[in-house]
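Before any comments, here is the structure.
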Amino acid sequence: AAKNAGKNRLAVFDPGLRDTRLEHARLSTGLRHAVAQRELTLNYQPVVGLTGGEITAVEALLRWTPTGGKPVRPDIFIPIAEETGLIVPIGLWVLEQACADARRWHERHGISVTVNVSGRQLRDESFSDAALAILRRHDLPEQALVLEITESMLLATTPAETRRIIDVLTELREQGVRIALDDFGTGYSSLSYLRTLPVDILKIDRSFTSALTEADSRTRAFTKAIVELATSLSLHTVVEGVETSEQAALLQQMGCPLAQGYLFSPPVPAPRVDELLDTAPWRNAA
Ligand code: C2E
Ligand code: MG
Ligand code: MG
Ligand code: MG
């Protein structure tokens with residue numbers, strides 16, 4: 001009852017909210033020094049061919065462990081980095097590190113690296129030059145890089161900013177960098193973004209995958225329709241969050257070429273990627 005009453009009072013008196021704000025302030029202060037203090041690392045998760053079990057790419061996923069503290073989840077610190085603008089320098093660090101690691105993998109195995117980027121980074125017109133310069137510095141061809149964007153990153157932008165983001169993406173794409181639309185199917189207007197955004201790859205959100213084996217067949221029908229739509233638009237599809245061989249088999253039957261998930265590998269540190277590349281293809285692929 002006390003809790004309910006609290007809801008009707010001014011938010012500033014809610015002790016829970018105050019804790020949240022303190023935590024937020026503490027984390028944003030910590031993040032400011034994360035690059036310089038070498039507290040950031042990247043893990044990589046393989047993208048796997050569902051038929052052959054081969055690795056075609058790895059997705060770079062950022063990890064932050066504050067000095068003397070416990071790891072903070074990306075779902076917590078990425079939004080703070082976006083709000084504070086710290087995602088701009090942090091994102092450049094991610095791109096630099098991912099390209100440094102990917103060079104050897106690309107040279108030996110021809111695989112590409114996919115990097116998540118925020119709207120805040122793409123609103124900056126200098127982003128494309130910076131990204132291309134990083135590729136050149138690491139002797140990587142543009143085709144070795146995939147940038148992952150989400151439709152939600154466009155929700156908070158003005159029409160002028162959206163225009164700028166599309167221009168930056170178009171420019172990069174003309175140079176050979178590929179663009180993936182991440183978490184597809186979770187936003188409010190997935191289909192309209194698919195029409196307006198320059199995109200090469202569709203990543204179907206893992207909420208579809210986890211519902212695939214439910215008795216209700218609607219998720220299966222939706223997933224199949226998305227895969228067919230993507231195929232007819234000449235887009236590649238990757239399904240996220242594949243955890244069981246049953247899911248992998250269903251997705252392969254639907255014609256989905258690529259998958260990511262714990263069935264194959266969780267995100268792992270760079271040295272482990274070399275081992276995975278030596279042992280793939282997976283025999284437990286569908
Ligand atoms: P995402 O790009 O959609 O990444 C996929 C997330 O699903 C990752 O969470 C990954 O660890 C997790 N995952 C992979 N396979 C499975 C599975 O089989 N089952 C389940 N339950 N989960 C799986 P993570 O690493 O915690 O990252 C969360 C989100 O943080 C990412 O979602 C991405 O949006 C964001 N993020 C991560 N690194 C960066 C970065 O460098 N820059 C930006 N802007 N965002 C990033
Ligand atoms: Mg992603
Ligand atoms: Mg995703
Ligand atoms: Mg996600």
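Every chain in the structure tokens has a letter given in the order shown (A, B, ...), and although residue numbers restart at 1 in each chain, ligands are simply numbered from 1 in the order shown.
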
Write out as a PDB file with N, CA and C atoms, in the first residue's frame which residues come within 7 Å of Arg103 in chain A when counting only C-alpha atoms, dropping same-chain ones fewer than 4 positions away.
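Done, and the output landed in out.pdb:
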```
ATOM      1  N   CYS A  99      38.618  -4.063 -35.450  1.00  0.00           N
ATOM      2  CA  CYS A  99      39.358  -4.168 -36.709  1.00  0.00           C
ATOM      3  C   CYS A  99      40.751  -4.738 -36.479  1.00  0.00           C
ATOM      4  N   GLU A 107      42.187 -12.392 -42.842  1.00  0.00           N
ATOM      5  CA  GLU A 107      43.281 -12.864 -43.689  1.00  0.00           C
ATOM      6  C   GLU A 107      43.280 -14.382 -43.808  1.00  0.00           C
ATOM      7  N   HIS A 138      44.178  -0.744 -40.433  1.00  0.00           N
ATOM      8  CA  HIS A 138      44.361  -2.158 -40.101  1.00  0.00           C
ATOM      9  C   HIS A 138      44.398  -3.037 -41.342  1.00  0.00           C
ATOM     10  N   LEU A 140      42.308  -3.647 -43.639  1.00  0.00           N
ATOM     11  CA  LEU A 140      41.113  -4.470 -43.855  1.00  0.00           C
ATOM     12  C   LEU A 140      40.297  -3.892 -45.000  1.00  0.00           C
TER      13      LEU A 140
END
```

What residues of the protein or nucleic acid chains come within 6 Å of ligand 2 when you use only C-alpha atoms and all ligand atoms? Reply as an mmCIF file with N, CA, C and O atoms, in the first residue's frame.
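part-v1.cif, freshly written:
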```
data_model
loop_
_atom_site.group_PDB
_atom_site.id
_atom_site.type_symbol
_atom_site.label_atom_id
_atom_site.label_comp_id
_atom_site.auth_asym_id
_atom_site.auth_seq_id
_atom_site.Cartn_x
_atom_site.Cartn_y
_atom_site.Cartn_z
ATOM 1 N N ASN A 116 28.321 -3.239 -33.454
ATOM 2 C CA ASN A 116 27.089 -2.501 -33.142
ATOM 3 C C ASN A 116 27.394 -1.013 -33.065
ATOM 4 O O ASN A 116 28.369 -0.611 -32.421
ATOM 5 N N GLU A 148 26.083 -2.880 -37.341
ATOM 6 C CA GLU A 148 24.726 -3.241 -36.922
ATOM 7 C C GLU A 148 24.016 -2.021 -36.358
ATOM 8 O O GLU A 148 24.512 -1.365 -35.442
ATOM 9 N N ASP A 182 19.544 -4.860 -36.846
ATOM 10 C CA ASP A 182 19.580 -5.735 -35.675
ATOM 11 C C ASP A 182 18.212 -5.762 -34.987
ATOM 12 O O ASP A 182 17.413 -4.845 -35.157
#
```

Would you name the residues within 7 Å of ligand 3, counting only C-alpha atoms and all ligand atoms, and put them as a tab-separated table (two decimals) with N, CA and C atoms, in the first residue's frame?
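Generated file (part_30.tsv):
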```tsv
chain	number	residue	atom	x	y	z
A	182	ASP	N	19.54	-4.86	-36.85
A	182	ASP	CA	19.58	-5.74	-35.68
A	182	ASP	C	18.21	-5.76	-34.99
A	183	ASP	N	17.96	-6.82	-34.22
A	183	ASP	CA	16.73	-6.93	-33.42
A	183	ASP	C	15.49	-6.75	-34.27
A	203	LYS	N	18.76	-9.11	-39.08
A	203	LYS	CA	18.96	-10.00	-37.95
A	203	LYS	C	17.65	-10.14	-37.18
A	205	ASP	N	15.24	-10.94	-34.36
A	205	ASP	CA	15.42	-10.87	-32.91
A	205	ASP	C	15.21	-12.23	-32.23
A	240	GLU	N	18.98	-14.63	-34.39
A	240	GLU	CA	19.69	-14.48	-33.13
A	240	GLU	C	19.14	-15.44	-32.07
```

Item to check | Test item: residues at most 9 Å from Leu42 in chain A, only C-alpha atoms, excluding those fewer than 4 positions along its chain, as an NGL selection string | outcome: :A and (60-64 or 94 or 97-98 or 267-270)

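Computed from the coordinates, the atom 19 (N, counted along the ligand's line) of ligand 1 to CA of Ser217 in chain A distance equals 21.0 Å.
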
Next on the checklist: Residues near Asp139 in chain A, anyone? I mean within 12 Å using only C-alpha atoms, not counting same-chain ones fewer than 2 positions away, as a PyMOL selection string.
Outcome noted: chain A and resi 96+99-104+106-107+132-137+141-145

Item to check | Residues near Thr84 in chain A, cut-off 12 Å, only C-alpha atoms, skip fewer than 4 positions along chain, as a PyMOL selection string | outcome: chain A and resi 24-25+27-32+77-80+88-90+120

Item to check | Shortest interatomic distance to Leu197 in chain A - which of A:Val227, A:Leu154, A:Ala160, A:Val58, counting only C-alpha atoms | outcome: A:Leu154

Checklist entry - Closest to Ile87 in chain A among A:Asp124, A:Glu151, A:Glu174, A:Glu54, using only C-alpha atoms? => result A:Asp124

Item to check | Pick from A:Ile55, A:Ala221, A:Leu212, A:Leu194, whichever lies nearest to Asp274 in chain A using only C-alpha atoms | outcome: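 Using only C-alpha atoms, Asp274 in chain A sits closest to A:Ile55.
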
Next on the checklist: Would you compute the distance between CA of Thr114 in chain A and atom 39 (C, counted along the ligand's line) of ligand 1? Give it in Å to one decimal.
Outcome noted: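 About the pair CA of Thr114 in chain A and atom 39 (C, counted along the ligand's line) of ligand 1: they are 10.2 Å apart.
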
Item to check | Backbone-only DSSP, alpha helix (DSSP H) members of range 33-229 of chain A, as number ranges by chain | outcome: A: 74-84, 87-109, 119-122, 127-137, 159-174, 190-196, 206-211, 218-229

Checklist entry - Among range 201-273 of chain A, which residues carry a DSSP assignment of strand (DSSP E), reported as number ranges by chain? => result A: 201-204, 236-239, 258-259, 268-269

Checklist entry - Using only C-alpha atoms, which residue out of A:Gln121, A:Ser189, A:Thr20, A:Ser112 lies closest to Leu86 in chain A? => result A:Gln121

Next on the checklist: When you count only C-alpha atoms, which of these residues is closest to Val72 in chain A: A:Arg123, A:Leu40, A:Gly53, A:Gln45?
Outcome noted: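 With only C-alpha atoms as the atom set, the closest residue is A:Leu40.
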
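For the residues A:Ile166, A:Leu202, A:Ile111, A:Val239, ranking by smallest atom-to-atom distance to Cys256 in chain A using only C-alpha atoms places A:Val239 first.
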
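In this structure, atom 21 (N, counted along the ligand's line) of ligand 1 sits 17.1 Å away from CA of Leu258 in chain A.
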
Item to check | Long-range neighbours of Gln253 in chain A as a list of chain:residue names, 10 Å cut-off, only C-alpha atoms, 4 positions minimum in chain | outcome: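 Everything that qualifies: A:Leu50, A:Thr51, A:Lys224, A:Gln247, A:Ala248, A:Ala249, A:Pro257, A:Ala286.
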